[in-house]
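Heads up: the structure comes next, in structure tokens.
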Amino acid sequence: MQWPASQARREVRVADMLRVTNDGGDFQIEVLLLSEVRGPASVAQTLYLETEASREQRLKVAAERKAMMQIRAVPASRPSKRDRRRIIQFRGGA
């Protein structure tokens with residue numbers, strides 16, 4: 001298995017606890033088994049177990065994110081050309 005040079009390298013062993021961060025959130029997982037070859041996601045999911053605390057935290061954050069999306073006011077219509085220019089100017093554009 002090859003990793004990009006910019007990533008930290010460390011030997012992973014069975015029973016190691018790892019913290020994984022991606023777009024879906026932070027995960028705390030325990031390594032159950034190791035594989036010598038890269039395989040499909042369905043097989044990879046059998047090699048680790050997410051901790052209960054991690055799962056609860058991730059679901060809580062997802063629920064909060066969903067609630068915030070529902071609270072946000074949706075504009076009645078698309079911005080006009082003048083509005084778009086103001087938005088671009090406000091964001092620091094040209």
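A note on labels: chains of the structure tokens are A, B, ... as shown, every chain counts residues from 1, and ligands are counted from 1 in their shown order.
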Quick check for you: according to DSSP on this backbone, which residues of stretch 13-56 of chain A are classed as helix (DSSP H, G or I)? Reply as a VMD selection string. chain A and resid 41 to 44 52 to 56
Within 6 Å of A:Glu30, counting only C-alpha atoms, which residues show up once you throw out same-chain ones fewer than 6 positions away? Write them as an mmCIF file with N, CA and C atoms, in the first residue's frame, please.
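Written file, around21.cif:
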data_model
loop_
_atom_site.group_PDB
_atom_site.id
_atom_site.type_symbol
_atom_site.label_atom_id
_atom_site.label_comp_id
_atom_site.auth_asym_id
_atom_site.auth_seq_id
_atom_site.Cartn_x
_atom_site.Cartn_y
_atom_site.Cartn_z
ATOM 1 N N ALA A 15 -6.635 -3.746 16.847
ATOM 2 C CA ALA A 15 -7.008 -3.163 18.143
ATOM 3 C C ALA A 15 -6.557 -1.710 18.284
ATOM 4 N N ASP A 16 -5.919 -1.122 17.278
ATOM 5 C CA ASP A 16 -5.576 0.300 17.325
ATOM 6 C C ASP A 16 -6.850 1.128 17.245
ATOM 7 N N MET A 17 -6.848 2.258 17.939
ATOM 8 C CA MET A 17 -7.944 3.216 17.859
ATOM 9 C C MET A 17 -7.472 4.361 16.966
ATOM 10 N N TYR A 48 -13.249 -2.651 10.453
ATOM 11 C CA TYR A 48 -13.198 -1.707 11.563
ATOM 12 C C TYR A 48 -14.582 -1.572 12.196
ATOM 13 N N LEU A 49 -14.604 -0.971 13.379
ATOM 14 C CA LEU A 49 -15.851 -0.742 14.105
ATOM 15 C C LEU A 49 -15.808 0.664 14.678
#
Near-A:Arg55 list (9 Å; only C-alpha atoms; drop same-chain fewer than 4 positions) as a PyMOL selection string: chain A and resi 27-28+50-51+59-60
Only C-alpha atoms, please: the residues just picked out, written as a JSON list (two decimals), in the first residue's frame.
[["chain", "number", "residue", "atom", "x", "y", "z"],
["A", 27, "PHE", "CA", -14.91, 9.23, 13.38],
["A", 28, "GLN", "CA", -13.29, 7.23, 16.17],
["A", 50, "GLU", "CA", -16.91, 2.80, 14.92],
["A", 51, "THR", "CA", -17.12, 3.47, 18.65],
["A", 59, "LEU", "CA", -25.39, 11.77, 14.56],
["A", 60, "LYS", "CA", -25.80, 14.73, 16.96]]
So that I can check the surroundings of A:Ser35, please list as a list in words every protein, DNA and RNA residue that reaches within 10 Å of it, counting only C-alpha atoms and ignoring chain neighbours fewer than 4 positions away. Gly39, Val43, Ala44 and Leu47 of chain A
